[in-house]
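Engineer: So here's target_16.txt (compact mmCIF, C-alpha atoms and all ligand atoms).
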# COMPACT_ATOMS: atom_id res chain seq x y z
CA MET S 1 -13.07 -29.23 -3.16
CA ALA S 2 -11.99 -26.99 -0.29
CA LEU S 3 -9.96 -24.04 -1.58
CA LEU S 4 -6.49 -23.84 -0.15
CA PHE S 5 -6.02 -20.25 -1.29
CA ARG S 6 -8.20 -17.29 -2.13
CA ARG S 7 -7.30 -13.95 -3.68
CA PRO S 8 -6.39 -11.24 -1.16
CA LYS S 9 -9.30 -9.15 0.11
CA GLY S 10 -9.96 -6.13 -2.06
CA THR S 11 -8.40 -7.61 -5.22
CA GLU S 12 -10.03 -9.05 -8.32
CA ASP S 13 -9.25 -11.68 -10.93
CA VAL S 14 -10.17 -10.68 -14.45
CA LEU S 15 -11.06 -13.81 -16.40
CA PRO S 16 -11.28 -14.16 -20.20
CA ASP S 17 -15.05 -13.56 -20.20
CA ARG S 18 -14.48 -9.96 -19.00
CA VAL S 19 -10.92 -9.15 -19.97
CA GLY S 20 -12.17 -7.87 -23.33
CA TYR S 21 -13.85 -4.97 -21.51
CA TRP S 22 -10.51 -4.03 -19.97
CA GLN S 23 -8.78 -4.29 -23.34
CA PHE S 24 -11.47 -2.14 -24.94
CA LEU S 25 -11.07 0.55 -22.26
CA GLU S 26 -7.27 0.44 -22.43
CA GLY S 27 -7.42 0.68 -26.23
CA LYS S 28 -9.60 3.80 -26.04
CA VAL S 29 -7.28 5.41 -23.49
CA ARG S 30 -4.27 4.79 -25.75
CA GLU S 31 -6.09 6.02 -28.84
CA VAL S 32 -7.41 9.24 -27.31
CA ALA S 33 -4.22 10.03 -25.36
CA SER S 34 -2.08 9.69 -28.45
CA ARG S 35 -4.53 11.87 -30.40
CA PHE S 36 -3.87 14.56 -27.73
CA GLY S 37 -0.10 14.12 -28.09
CA TYR S 38 0.61 12.17 -24.89
CA GLY S 39 3.25 9.41 -24.88
CA GLU S 40 2.93 6.31 -22.74
CA VAL S 41 5.15 5.86 -19.69
CA ARG S 42 5.48 2.71 -17.56
CA THR S 43 6.96 3.04 -14.10
CA PRO S 44 7.76 0.37 -11.48
CA THR S 45 5.08 -1.13 -9.27
CA PHE S 46 7.06 -0.13 -6.18
CA GLU S 47 9.11 2.91 -5.30
CA GLU S 48 10.87 4.30 -2.25
CA ALA S 49 8.12 5.02 0.30
CA GLU S 50 9.61 8.48 0.89
CA LEU S 51 8.66 9.51 -2.66
CA PHE S 52 4.96 9.30 -1.79
CA ALA S 53 5.36 10.77 1.69
CA ARG S 54 6.97 13.82 0.09
CA SER S 55 4.49 14.25 -2.73
CA VAL S 56 1.08 12.89 -1.70
CA GLY S 57 1.79 14.07 1.88
CA GLU S 58 2.51 12.48 5.28
CA ASP S 59 -0.87 13.54 6.69
CA THR S 60 -3.05 12.20 3.91
CA ASP S 61 -5.05 9.02 4.48
CA ILE S 62 -3.31 7.53 1.45
CA VAL S 63 0.15 7.78 3.03
CA SER S 64 -0.62 7.58 6.74
CA LYS S 65 -3.20 4.76 6.67
CA GLU S 66 -3.38 3.06 3.32
CA MET S 67 0.08 2.61 1.90
CA TYR S 68 1.49 -0.89 1.46
CA THR S 69 5.00 -0.35 2.77
CA PHE S 70 7.66 -2.99 3.30
CA GLU S 71 11.31 -3.19 4.06
CA ASP S 72 13.18 -4.94 1.28
CA ARG S 73 16.02 -7.35 1.95
CA GLY S 74 18.48 -4.49 1.71
CA GLY S 75 16.72 -2.66 4.54
CA ARG S 76 15.16 0.06 2.30
CA LEU S 77 11.63 1.20 3.03
CA MET S 78 9.61 0.66 -0.15
CA ALA S 79 5.94 1.10 -1.04
CA LEU S 80 3.61 -0.39 -3.63
CA LYS S 81 2.59 2.73 -5.50
CA PRO S 82 -0.64 4.20 -4.17
CA GLU S 83 -0.97 6.53 -7.18
CA GLY S 84 0.87 7.32 -10.40
CA THR S 85 1.78 11.01 -10.40
CA ALA S 86 4.76 10.81 -8.02
CA SER S 87 6.30 7.92 -9.98
CA VAL S 88 5.85 9.71 -13.28
CA LEU S 89 7.55 12.85 -11.94
CA ARG S 90 10.36 10.80 -10.44
CA ALA S 91 10.92 9.23 -13.89
CA TYR S 92 10.59 12.63 -15.60
CA LEU S 93 13.43 14.00 -13.44
CA GLU S 94 15.54 10.84 -13.42
CA HIS S 95 15.61 10.73 -17.23
CA GLY S 96 16.20 14.45 -17.62
CA LEU S 97 12.97 15.06 -19.54
CA HIS S 98 12.89 18.49 -17.90
CA LYS S 99 16.10 19.51 -19.66
CA GLY S 100 14.39 20.33 -22.94
CA GLY S 101 12.56 23.08 -21.09
CA GLY S 102 9.36 22.46 -23.03
CA LEU S 103 6.14 20.71 -22.27
CA THR S 104 6.21 16.97 -21.55
CA LYS S 105 2.95 15.08 -21.96
CA LEU S 106 2.76 11.55 -20.57
CA TYR S 107 0.02 9.00 -19.96
CA TYR S 108 -0.10 5.66 -18.14
CA ILE S 109 -2.26 2.70 -17.28
CA SER S 110 -1.17 1.12 -14.04
CA PRO S 111 -2.23 -0.78 -10.92
CA ILE S 112 -2.32 1.15 -7.65
CA PHE S 113 -2.44 -0.17 -4.09
CA ARG S 114 -4.29 1.29 -1.12
CA TYR S 115 -5.17 -0.53 2.08
CA GLU S 116 -8.78 0.68 2.11
CA LYS S 117 -11.91 -0.96 3.44
CA PRO S 118 -13.11 -2.89 0.39
CA GLN S 119 -16.63 -2.17 -0.85
CA ALA S 120 -18.37 -1.81 -4.22
CA GLY S 121 -16.05 0.30 -6.35
CA ARG S 122 -13.26 0.41 -3.76
CA TYR S 123 -10.39 -2.04 -3.89
CA ARG S 124 -6.97 -2.61 -2.37
CA GLN S 125 -5.46 -3.20 -5.77
CA SER S 126 -7.18 -1.09 -8.38
CA HIS S 127 -6.09 0.30 -11.72
CA GLN S 128 -5.80 3.81 -13.04
CA PHE S 129 -5.36 5.41 -16.41
CA GLY S 130 -3.89 8.85 -16.10
CA ALA S 131 -2.09 11.68 -17.82
CA GLU S 132 0.38 14.32 -16.68
CA ALA S 133 1.25 17.50 -18.61
CA ILE S 134 4.47 18.91 -17.18
CA GLY S 135 6.03 22.27 -17.95
CA SER S 136 3.35 24.92 -18.35
CA GLY S 137 1.23 27.01 -16.03
CA GLU S 138 -1.12 28.19 -18.79
CA PRO S 139 -4.82 27.84 -17.97
CA SER S 140 -5.34 26.50 -21.50
CA LEU S 141 -3.34 23.43 -20.48
CA ASP S 142 -5.80 22.82 -17.62
CA VAL S 143 -8.53 22.92 -20.23
CA GLU S 144 -6.70 20.45 -22.47
CA VAL S 145 -6.14 17.98 -19.64
CA ILE S 146 -9.80 18.13 -18.58
CA ASP S 147 -10.86 17.79 -22.21
CA LEU S 148 -8.64 14.70 -22.53
CA ALA S 149 -10.23 13.05 -19.49
CA LEU S 150 -13.75 13.80 -20.69
CA SER S 151 -12.96 12.73 -24.25
CA ILE S 152 -11.98 9.30 -22.96
CA TYR S 153 -15.31 8.98 -21.15
CA ARG S 154 -17.19 10.19 -24.21
CA GLU S 155 -15.40 7.68 -26.46
CA LEU S 156 -16.30 4.95 -24.01
CA GLY S 157 -19.94 5.89 -24.56
CA LEU S 158 -20.60 7.38 -21.12
CA SER S 159 -23.05 10.24 -20.85
CA GLU S 160 -23.99 10.42 -17.16
CA VAL S 161 -20.75 12.15 -16.20
CA SER S 162 -20.41 15.49 -14.41
CA LEU S 163 -17.32 17.59 -14.01
CA LEU S 164 -16.78 19.14 -10.56
CA LEU S 165 -14.33 22.02 -10.45
CA ASN S 166 -12.61 24.14 -7.83
CA SER S 167 -9.49 26.18 -7.22
CA ILE S 168 -7.57 25.64 -4.01
CA GLY S 169 -5.18 28.54 -4.47
CA CYS S 170 -1.42 28.67 -4.12
CA PRO S 171 1.16 28.97 -1.31
CA LYS S 172 0.59 32.73 -1.43
CA CYS S 173 -3.14 32.77 -0.74
CA ARG S 174 -3.73 29.47 1.03
CA PRO S 175 -2.28 30.50 4.44
CA SER S 176 -4.99 33.11 4.99
CA TYR S 177 -7.66 30.53 4.16
CA ARG S 178 -5.96 28.03 6.45
CA GLN S 179 -6.19 30.55 9.29
CA GLU S 180 -9.93 30.98 8.74
CA LEU S 181 -10.48 27.25 8.47
CA LEU S 182 -8.56 26.69 11.66
CA LYS S 183 -10.58 29.35 13.45
CA PHE S 184 -13.76 27.56 12.37
CA ALA S 185 -12.41 24.11 13.36
CA ARG S 186 -11.28 25.33 16.80
CA ALA S 187 -14.81 26.52 17.48
CA HIS S 188 -16.06 22.99 16.72
CA ARG S 189 -13.13 21.08 18.18
CA GLU S 190 -15.19 18.91 20.53
CA GLU S 191 -17.42 17.64 17.70
CA LEU S 192 -14.55 16.56 15.45
CA CYS S 193 -12.96 13.09 15.39
CA GLY S 194 -9.53 12.41 16.86
CA ASP S 195 -7.90 12.37 13.44
CA CYS S 196 -9.34 15.77 12.61
CA ARG S 197 -8.10 17.23 15.89
CA ARG S 198 -4.66 16.04 14.89
CA ARG S 199 -5.13 17.41 11.37
CA MET S 200 -5.84 20.82 12.88
CA GLU S 201 -2.24 20.84 14.08
CA THR S 202 -0.61 19.30 11.01
CA ASN S 203 -2.64 20.10 7.88
CA PRO S 204 -6.00 21.84 8.34
CA LEU S 205 -6.98 21.53 4.67
CA ARG S 206 -7.28 17.79 5.21
CA LEU S 207 -10.22 18.52 7.57
CA LEU S 208 -12.29 19.01 4.44
CA ASP S 209 -11.93 15.45 3.19
CA CYS S 210 -12.38 13.50 6.42
CA LYS S 211 -14.51 10.44 5.72
CA VAL S 212 -16.20 10.45 9.16
CA GLU S 213 -19.84 11.46 8.70
CA GLY S 214 -20.08 13.82 11.67
CA CYS S 215 -16.97 15.71 10.56
CA GLY S 216 -18.37 16.03 7.05
CA ARG S 217 -21.56 17.58 8.45
CA ILE S 218 -19.65 20.16 10.44
CA MET S 219 -17.15 21.00 7.73
CA ALA S 220 -20.00 21.61 5.28
CA GLN S 221 -20.48 24.88 7.20
CA ALA S 222 -16.79 25.84 7.04
CA PRO S 223 -15.54 28.86 5.08
CA VAL S 224 -14.78 28.14 1.42
CA ILE S 225 -11.44 28.73 -0.24
CA SER S 226 -12.81 30.54 -3.29
CA GLN S 227 -13.32 33.64 -1.15
CA TYR S 228 -9.62 33.75 -0.24
CA LEU S 229 -7.94 33.30 -3.64
CA CYS S 230 -5.28 35.84 -4.61
CA ASP S 231 -5.74 37.83 -7.82
CA GLU S 232 -3.47 35.54 -9.87
CA CYS S 233 -5.26 32.38 -8.74
CA ARG S 234 -8.66 33.96 -9.28
CA GLU S 235 -7.67 35.04 -12.78
CA HIS S 236 -6.27 31.59 -13.57
CA PHE S 237 -9.50 29.98 -12.42
CA GLU S 238 -11.61 32.37 -14.51
CA GLU S 239 -9.54 31.58 -17.58
CA VAL S 240 -9.91 27.84 -17.03
CA LYS S 241 -13.67 28.21 -16.73
CA GLY S 242 -13.79 30.44 -19.81
CA GLY S 243 -11.76 27.87 -21.76
CA LEU S 244 -14.10 25.07 -20.73
CA ARG S 245 -17.13 27.11 -21.75
CA SER S 246 -15.60 27.81 -25.14
CA LEU S 247 -15.22 24.06 -25.70
CA GLY S 248 -18.83 23.54 -24.61
CA ILE S 249 -17.74 21.55 -21.54
CA PRO S 250 -20.25 21.93 -18.69
CA TYR S 251 -18.87 22.04 -15.15
CA ARG S 252 -20.17 22.53 -11.64
CA GLU S 253 -18.20 24.63 -9.20
CA GLU S 254 -17.76 22.68 -5.99
CA SER S 255 -16.31 25.00 -3.38
CA LYS S 256 -15.52 22.18 -0.91
CA LEU S 257 -13.60 20.04 -3.39
CA VAL S 258 -10.00 19.89 -2.11
CA ARG S 259 -8.97 16.31 -3.10
CA GLY S 260 -7.23 13.87 -0.79
CA LEU S 261 -3.64 14.53 -1.85
CA ASP S 262 -1.43 17.37 -0.64
CA TYR S 263 0.34 18.31 -3.85
CA TYR S 264 -2.45 20.27 -5.51
CA THR S 265 -2.40 24.00 -6.26
CA ARG S 266 -5.04 26.06 -8.08
CA THR S 267 -7.29 23.95 -10.32
CA VAL S 268 -8.69 20.69 -8.90
CA PHE S 269 -11.42 18.59 -10.47
CA GLU S 270 -13.30 15.34 -10.27
CA VAL S 271 -15.53 13.50 -12.68
CA VAL S 272 -18.46 11.75 -11.01
CA HIS S 273 -20.89 9.28 -12.55
CA GLY S 274 -24.61 9.23 -11.84
CA GLY S 275 -24.99 5.44 -12.07
CA LEU S 276 -22.67 4.58 -9.18
CA GLY S 277 -23.28 4.55 -5.43
CA ALA S 278 -21.04 6.05 -2.76
CA GLN S 279 -17.86 5.57 -4.81
CA ASN S 280 -19.03 7.77 -7.67
CA ALA S 281 -15.72 9.53 -8.46
CA ILE S 282 -14.48 7.93 -11.64
CA CYS S 283 -11.68 10.45 -12.11
CA GLY S 284 -9.73 13.05 -10.16
CA GLY S 285 -6.97 15.49 -10.93
CA GLY S 286 -5.59 18.96 -10.78
CA ARG S 287 -2.59 21.26 -10.89
CA TYR S 288 0.51 20.64 -8.81
CA ASP S 289 2.75 23.60 -9.62
CA GLY S 290 5.14 23.03 -6.71
CA LEU S 291 5.63 19.28 -6.91
CA VAL S 292 8.45 18.97 -9.44
CA GLU S 293 10.52 21.33 -7.30
CA GLU S 294 9.52 19.48 -4.13
CA LEU S 295 10.98 16.32 -5.72
CA GLY S 296 14.30 18.04 -6.40
CA GLY S 297 13.68 19.46 -9.89
CA PRO S 298 13.52 23.02 -11.17
CA PRO S 299 10.32 25.06 -10.61
CA THR S 300 7.94 23.51 -13.14
CA PRO S 301 4.18 23.99 -13.25
CA ALA S 302 2.19 20.89 -14.19
CA LEU S 303 -1.14 19.14 -13.92
CA GLY S 304 -2.80 15.81 -14.57
CA PHE S 305 -5.58 13.42 -13.72
CA ALA S 306 -6.23 9.74 -13.11
CA GLY S 307 -9.37 7.74 -13.78
CA GLY S 308 -10.27 4.48 -12.05
CA VAL S 309 -10.49 1.56 -14.48
CA GLU S 310 -12.80 -0.56 -12.29
CA ARG S 311 -15.16 2.32 -11.54
CA THR S 312 -15.24 3.35 -15.18
CA LEU S 313 -16.20 -0.20 -16.14
CA LEU S 314 -18.92 -0.18 -13.46
CA ALA S 315 -20.20 3.09 -14.94
CA MET S 316 -20.19 1.57 -18.44
CA GLU S 317 -22.11 -1.40 -17.10
CA ALA S 318 -24.62 0.90 -15.40
CA GLU S 319 -25.21 2.70 -18.71
CA GLY S 320 -25.31 -0.53 -20.72
CA LYS S 321 -22.20 0.57 -22.63
CA LEU S 322 -19.97 -2.49 -22.22
CA PRO S 323 -19.02 -3.60 -25.75
CA GLU S 324 -20.15 -6.88 -27.33
CA LEU S 325 -17.24 -9.24 -27.02
CA ASP S 326 -16.53 -11.73 -29.78
CA GLU S 327 -14.68 -14.61 -28.20
CA ARG S 328 -15.85 -17.17 -30.77
CA VAL S 329 -13.39 -19.40 -32.56
CA GLU S 330 -13.65 -19.19 -36.33
CA VAL S 331 -12.71 -22.75 -37.12
CA PHE S 332 -12.95 -25.88 -35.02
CA VAL S 333 -11.00 -29.00 -36.01
CA ALA S 334 -12.60 -32.37 -35.17
CA TYR S 335 -11.24 -35.82 -35.85
CA LEU S 336 -12.92 -39.09 -36.72
CA ASP S 337 -10.32 -41.64 -35.69
CA ASP S 338 -6.70 -42.16 -34.56
CA PRO S 339 -5.02 -40.98 -37.80
CA GLY S 340 -7.22 -37.88 -37.61
CA ARG S 341 -6.23 -37.28 -34.01
CA GLU S 342 -2.55 -37.59 -34.89
CA ALA S 343 -2.93 -35.04 -37.69
CA LEU S 344 -4.83 -32.57 -35.46
CA PRO S 345 -1.87 -30.50 -34.16
CA LYS S 346 -0.48 -29.92 -37.66
CA VAL S 347 -3.87 -29.01 -39.17
CA LEU S 348 -4.56 -26.58 -36.31
CA SER S 349 -1.12 -25.05 -36.57
CA GLU S 350 -1.55 -24.38 -40.30
CA LEU S 351 -4.93 -22.75 -39.82
CA ARG S 352 -3.48 -20.52 -37.09
CA ARG S 353 -0.46 -19.62 -39.22
CA ALA S 354 -2.92 -18.54 -41.89
CA GLY S 355 -4.31 -16.07 -39.32
CA LEU S 356 -7.48 -17.92 -38.37
CA ARG S 357 -8.76 -18.23 -34.82
CA ALA S 358 -8.79 -22.02 -34.66
CA ASP S 359 -9.18 -24.57 -31.91
CA GLY S 360 -9.74 -28.28 -31.50
CA SER S 361 -10.51 -30.92 -28.96
CA TYR S 362 -7.73 -32.70 -27.14
CA THR S 363 -10.05 -34.75 -24.96
CA GLY S 364 -10.55 -37.88 -27.09
CA ARG S 365 -14.33 -37.66 -27.35
CA SER S 366 -16.74 -38.86 -30.05
CA LEU S 367 -17.32 -36.79 -33.20
CA LYS S 368 -20.79 -35.89 -31.94
CA SER S 369 -19.45 -34.42 -28.72
CA GLN S 370 -16.68 -32.63 -30.63
CA LEU S 371 -19.31 -30.98 -32.84
CA ARG S 372 -21.26 -29.96 -29.75
CA GLN S 373 -18.09 -28.38 -28.41
CA ALA S 374 -17.58 -26.56 -31.73
CA ASP S 375 -21.11 -25.17 -31.38
CA ARG S 376 -20.48 -24.08 -27.82
CA MET S 377 -17.34 -22.28 -28.92
CA GLY S 378 -19.34 -20.51 -31.61
CA ALA S 379 -17.31 -21.96 -34.51
CA ARG S 380 -18.61 -20.94 -37.93
CA TYR S 381 -16.82 -23.86 -39.64
CA THR S 382 -15.56 -27.23 -38.51
CA VAL S 383 -12.81 -29.08 -40.34
CA ILE S 384 -13.26 -32.84 -39.89
CA ILE S 385 -10.27 -35.07 -40.48
CA GLY S 386 -10.07 -38.87 -40.61
CA GLY S 387 -7.76 -41.58 -41.95
CA GLU S 388 -9.72 -42.15 -45.14
CA GLU S 389 -9.83 -38.48 -46.12
CA LEU S 390 -6.20 -37.89 -45.10
CA ALA S 391 -5.08 -40.76 -47.37
CA LYS S 392 -6.68 -38.85 -50.28
CA GLY S 393 -5.22 -35.55 -49.07
CA MET S 394 -8.73 -34.29 -48.32
CA ALA S 395 -10.66 -32.89 -45.33
CA ILE S 396 -14.35 -32.28 -44.71
CA VAL S 397 -15.36 -28.66 -44.17
CA ARG S 398 -18.67 -28.28 -42.35
CA ASP S 399 -20.64 -25.04 -42.34
CA MET S 400 -22.05 -25.05 -38.80
CA GLU S 401 -24.87 -22.63 -39.51
CA LEU S 402 -26.18 -24.36 -42.62
CA SER S 403 -25.21 -27.88 -41.42
CA GLU S 404 -23.75 -28.51 -44.89
CA GLN S 405 -20.45 -30.17 -45.56
CA ARG S 406 -18.15 -30.93 -48.46
CA GLU S 407 -14.72 -32.33 -49.14
CA VAL S 408 -11.88 -29.86 -49.72
CA PRO S 409 -8.15 -30.56 -50.41
CA LEU S 410 -6.51 -30.49 -46.97
CA ASP S 411 -3.68 -28.15 -47.89
CA GLY S 412 -6.18 -25.73 -49.44
CA THR S 413 -8.43 -25.50 -46.33
CA PRO S 414 -6.74 -22.47 -44.72
CA LYS S 415 -7.17 -20.48 -47.93
CA VAL S 416 -10.75 -21.65 -48.53
CA LEU S 417 -11.74 -20.80 -44.96
CA ARG S 418 -10.04 -17.43 -45.02
CA GLU S 419 -12.05 -16.56 -48.11
CA LYS S 420 -15.31 -17.82 -46.61
CA LEU S 421 -14.71 -15.88 -43.40
CA GLY S 422 -13.82 -12.74 -45.32
P1 LIG A 501 -7.25 9.92 -6.78
O1 LIG A 501 -8.48 10.78 -6.73
O2 LIG A 501 -6.74 9.41 -5.51
O3 LIG A 501 -6.17 10.74 -7.57
O4 LIG A 501 -7.57 8.67 -7.72
C1 LIG A 501 -8.08 8.86 -9.02
C2 LIG A 501 -9.18 7.86 -9.30
O5 LIG A 501 -8.69 6.53 -9.09
C3 LIG A 501 -10.39 7.96 -8.38
O6 LIG A 501 -11.29 8.94 -8.85
C4 LIG A 501 -10.98 6.57 -8.50
O7 LIG A 501 -11.77 6.46 -9.67
C5 LIG A 501 -9.75 5.69 -8.66
N1 LIG A 501 -9.39 5.05 -7.37
C6 LIG A 501 -8.58 5.53 -6.41
N2 LIG A 501 -8.50 4.68 -5.37
C7 LIG A 501 -9.29 3.62 -5.68
C8 LIG A 501 -9.65 2.40 -5.00
N3 LIG A 501 -9.15 2.09 -3.81
N4 LIG A 501 -10.51 1.55 -5.63
C9 LIG A 501 -11.01 1.86 -6.85
N5 LIG A 501 -10.70 2.98 -7.52
C10 LIG A 501 -9.86 3.86 -6.95
C11 LIG A 501 -4.90 10.31 -7.83
O8 LIG A 501 -4.52 9.18 -7.68
C12 LIG A 501 -4.02 11.35 -8.48
N6 LIG A 501 -2.69 10.76 -8.72
C13 LIG A 501 -4.63 11.86 -9.76
C14 LIG A 501 -3.79 12.88 -10.44
C15 LIG A 501 -2.97 12.69 -11.48
N7 LIG A 501 -3.69 14.14 -10.08
C16 LIG A 501 -2.83 14.75 -10.89
N8 LIG A 501 -2.38 13.87 -11.74
Can you give me the file's structure in the form of structure tokens?
Structural biologist:
Amino acid sequence: MALLFRRPKGTEDVLPDRVGYWQFLEGKVREVASRFGYGEVRTPTFEEAELFARSVGEDTDIVSKEMYTFEDRGGRLMALKPEGTASVLRAYLEHGLHKGGGLTKLYYISPIFRYEKPQAGRYRQSHQFGAEAIGSGEPSLDVEVIDLALSIYRELGLSEVSLLLNSIGCPKCRPSYRQELLKFARAHREELCGDCRRRMETNPLRLLDCKVEGCGRIMAQAPVISQYLCDECREHFEEVKGGLRSLGIPYREESKLVRGLDYYTRTVFEVVHGGLGAQNAICGGGRYDGLVEELGGPPTPALGFAGGVERTLLAMEAEGKLPELDERVEVFVAYLDDPGREALPKVLSELRRAGLRADGSYTGRSLKSQLRQADRMGARYTVIIGGEELAKGMAIVRDMELSEQREVPLDGTPKVLREKLG
């Protein structure tokens, strides 16, 4: 058969044989996030494109090259969301969650869309789990958010994770760093790519996360921001590091880590995994103390992170930590003849109402092939029904492991099987 349609490049189908891994991961995220006091938020798949231009930044790759934008039928410019933070803050303001004046802690699991060059671990539709803590500038909150991210990875069984940490300062101290960076970039102008030459004019910090290899080599020699932090930012960073140490969380200071989104201030971090190739960042986050205000709200410090679901699953696979999935049916119902086949839907329905995972064959095959199917589906018991037994109100219950069978009153089978299956 020639396929008429294929899935779009950079997207994946998750079939039942693997969906259990996703459910396992999502379950752990929900469990750990709620233990930390975060409530789930679900935001739309698309938003006004301007929301991301304003928050993630016009000059970022995400907005300038990768966003799926479209004009809707009403002529509005919309975008499939390329990340979750902007949407969460939009919802936070729209629903007046800022009015309480306290701390708001939210988490989400959501698809994101970026028109990237697909490769292992990089997709055009991927999925993130993330958390945002909005309403406090305390360094201890940075520590909590990082602890939350790492706790999720620990609960998933991952051990080859490393935390990379940096501070990128605030609007007070960043301009002096920007000057120095620009001075350095001007001296190397001819060696930089066209995009970087443009970035020099618009947003020099973005020079540090250019994906072109030659630019990366040059920028590795550039001045680092840690030397330009103001006293408040330096103190904040020290307190975050002290807090991490007191929780026994190891970190590596990475002076070139600036992240690919414009909204960050002060603390930024990534979690990388040793078992992955080039796309080894399984999580990224940081503070964004100016963003709520930028989106029209009151000055409100905040921070958060997002982890990639696909990359996290790849990391679990690399460490052999994907869970055993039990997709087996508990009870299979087979029929011997036409009266048995007619009774099949009712017998199945009663077993399912009794809470059993039950299935049967609708394909009109012989008993032998039905039993083979029951074996393939991993059934522990098979209920066999036929005209003769039905007339007596009985059914045959077959233990598939022991290959033993006996007659049981039909209306008592759900109860008998529930007891046998514990
Ligand atoms: P981000 O670093 O762009 O940050 O994405 C976070 C994580 O999402 C990455 O580390 C990666 O695991 C995953 N990811 C991103 N793009 C792709 C892709 N194309 N294919 C596969 N995985 C991908 C953010 O999105 C920020 N909103 C994080 C944040 C939340 N900062 C503060 N709060």
Engineer: Within 9 Å of Pro139 of chain S, counting all atoms listed in the file, which residues qualify if same-chain residues fewer than 6 places away don't, as JSON, numbers by chain?
Structural biologist: {"S": [236, 237, 238, 239, 240, 241, 243, 267]}
Engineer: Measuring between all atoms listed in the file, which one of S:Thr382, S:Gln125, S:Thr69, S:Ser64 shows the shortest distance to ligand LIG 501 (chain A)?
Structural biologist: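 Closest candidate: S:Gln125.
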Engineer: S:Leu3, S:Ala318, S:Leu165, S:Leu390: which is nearest Glu253 of chain S, counting only C-alpha atoms?
Structural biologist: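 Result for the nearest residue to Glu253 of chain S: S:Leu165.
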Engineer: Dump the neighbourhood of ligand LIG 501 (chain A) as a ChimeraX atom specification: all residues within 6 Å, distances computed on all atoms listed in the file.
Structural biologist: /S:83-85,114,121-124,126,128,132,281-286,303-308,311
Engineer: Output C-alpha atoms of each residue in that selection to a file, as a PDB file, in the frame of the given file.
Structural biologist:
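What ended up in result_18.pdb:
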ATOM      1  CA  GLU S  83      -0.970   6.530  -7.180  1.00  0.00           C
ATOM      2  CA  GLY S  84       0.870   7.320 -10.400  1.00  0.00           C
ATOM      3  CA  THR S  85       1.780  11.010 -10.400  1.00  0.00           C
ATOM      4  CA  ARG S 114      -4.290   1.290  -1.120  1.00  0.00           C
ATOM      5  CA  GLY S 121     -16.050   0.300  -6.350  1.00  0.00           C
ATOM      6  CA  ARG S 122     -13.260   0.410  -3.760  1.00  0.00           C
ATOM      7  CA  TYR S 123     -10.390  -2.040  -3.890  1.00  0.00           C
ATOM      8  CA  ARG S 124      -6.970  -2.610  -2.370  1.00  0.00           C
ATOM      9  CA  SER S 126      -7.180  -1.090  -8.380  1.00  0.00           C
ATOM     10  CA  GLN S 128      -5.800   3.810 -13.040  1.00  0.00           C
ATOM     11  CA  GLU S 132       0.380  14.320 -16.680  1.00  0.00           C
ATOM     12  CA  ALA S 281     -15.720   9.530  -8.460  1.00  0.00           C
ATOM     13  CA  ILE S 282     -14.480   7.930 -11.640  1.00  0.00           C
ATOM     14  CA  CYS S 283     -11.680  10.450 -12.110  1.00  0.00           C
ATOM     15  CA  GLY S 284      -9.730  13.050 -10.160  1.00  0.00           C
ATOM     16  CA  GLY S 285      -6.970  15.490 -10.930  1.00  0.00           C
ATOM     17  CA  GLY S 286      -5.590  18.960 -10.780  1.00  0.00           C
ATOM     18  CA  LEU S 303      -1.140  19.140 -13.920  1.00  0.00           C
ATOM     19  CA  GLY S 304      -2.800  15.810 -14.570  1.00  0.00           C
ATOM     20  CA  PHE S 305      -5.580  13.420 -13.720  1.00  0.00           C
ATOM     21  CA  ALA S 306      -6.230   9.740 -13.110  1.00  0.00           C
ATOM     22  CA  GLY S 307      -9.370   7.740 -13.780  1.00  0.00           C
ATOM     23  CA  GLY S 308     -10.270   4.480 -12.050  1.00  0.00           C
ATOM     24  CA  ARG S 311     -15.160   2.320 -11.540  1.00  0.00           C
TER      25      ARG S 311
END
Engineer: Given only C-alpha atoms as the basis, pick out the residue of S:Arg199, S:Arg189, S:Arg341, S:Lys256 nearest to Gly386 of chain S.
Structural biologist: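 Among the listed residues, S:Arg341 lies closest to Gly386 of chain S.
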Engineer: Determine the nearest neighbour of Ile152 of chain S from the options S:Ala2, S:Val309, S:Val63, S:Val258, counting all atoms listed in the file.
Structural biologist: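 Closest to Ile152 of chain S of all the choices is S:Val309.
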Engineer: Using all atoms listed in the file, can you tell me which of S:Pro409, S:Pro414, S:Ser136, S:Glu26 comes closest to Arg353 of chain S?
Structural biologist: S:Pro414
Engineer: If we count all atoms listed in the file and set the cut-off at 10 Å, which residues sit around Ala79 of chain S, ignoring sequence neighbours fewer than 6 positions away in its own chain? Please answer as number ranges by chain.
Structural biologist: S: 45-52, 63, 67-72, 113
Engineer: Hey, which of S:Glu191, S:Asp17, S:Glu116, S:Glu401 ends up closest to Glu66 of chain S? Count only C-alpha atoms.
Structural biologist: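 Using only C-alpha atoms, the shortest distance to Glu66 of chain S belongs to S:Glu116.
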